[in-house]
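**Student:** Below you'll find the structure I mean.
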Amino acid sequence: MPEEMRTFGYLCPKCGKTVMKTRSAFALEASGAEVECSCGGSALTAAFDGERYRLTVPCGLCGGIHTAVCPPDRVLEGATALACAGTKQFCCFIGPEGTVERQLRELSILAEKERKQGEDGIFLDNVIMYEVLSELRDIASRPGGITCACGGSRCAMEVRRSSVDLICRDCGAKLRVPAATDRDLDDLCCHMKLVLPGKK
């Protein structure tokens, strides 16, 4: 039986390149992992203390460094992603090599748009944002199209640079809809209805 392999990937905040490294699950449990960019400007680390993995992730979106503590199954099984606290976008991927490679390509496109647009533009991608808003209007026009788990159906909308927040007028619950890449639009188009999580 072939040994389970895990690939780590992130976007280097120093040079902007995607960085990937594959380790076996056995090696990860024995000594963790260090994934360093060839430019020498950043490195992702994953250390196992016997119970949990502690990850230090350089972020190619905000330029900072994020830390996370994950149970072994999140690191050693399936596919997982860690988000940048500032942008709310995924900045690190762990999983099968092909999956990580695809996600990094999307992340690279997103970061490139962010760089080109700078802070002057209203939206990260005007076309995607207008398409997402149009799709949200279509969903909202359907009976029970946008509802909240609290039972409410009155919804407000806050438009941001790269996302749209749907807010329940009854309980204040929020659902963030990403609106920056083609994938964001494709994901939204798969939904006939949207349900806000509701506040207990």
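Each chain in the structure tokens gets a letter, A, B and so on, in the order shown; residues start at 1 in every chain, and ligands are counted from 1 in the order they appear.
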Using DSSP assignments from the backbone, pull out every residue in stretch 5-188 of chain A that falls under strand (DSSP E or B) and give it to me as a PyMOL selection string.
**Tutor:** chain A and resi 5-11+18-24+33-36+43-48+53-58+65-70+80-83+90-95+146-148+155-159+163-168+174-178
**Student:** Show me, as a list in words, the residues that have an atom within 7 Å of A:Pro13 when counting only C-alpha atoms, minus same-chain residues fewer than 2 positions from it.
**Tutor:**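 Contacts, in chain order: Leu11, Cys15, Gly16, Pro58, Cys59, Gly60 and Gly63 of chain A.
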**Student:** Could you tell me which of A:Ser141, A:Thr45, A:Ser162, A:Thr99 comes closest to A:Leu194 if we count only C-alpha atoms?
**Tutor:**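 The answer is A:Ser141, which sits nearest to A:Leu194.
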**Student:** Given the choices A:Val164, A:Leu55, A:Leu82, A:Ile94, which gets closest to A:Met5 if the distance is worked out from only C-alpha atoms?
**Tutor:** A:Ile94
**Student:** Go through A:Lys193, A:Arg54, A:Arg23, A:Lys14 and flag the residue nearest A:Gly144, using only C-alpha atoms for the distances.
**Tutor:** A:Lys193
**Student:** Nearest to A:Pro72: which of A:Ala43, A:Leu28, A:Leu185, A:Val19 is it, counting only C-alpha atoms?
**Tutor:**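 The shortest atom-to-atom distance to A:Pro72 comes from A:Leu28.
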**Student:** Considering only C-alpha atoms, can you say which of A:Val35, A:Ala179, A:Cys168, A:Ala156 comes closest to A:Thr22?
**Tutor:**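 Among A:Val35, A:Ala179, A:Cys168, A:Ala156, it is A:Val35 that comes nearest to A:Thr22.
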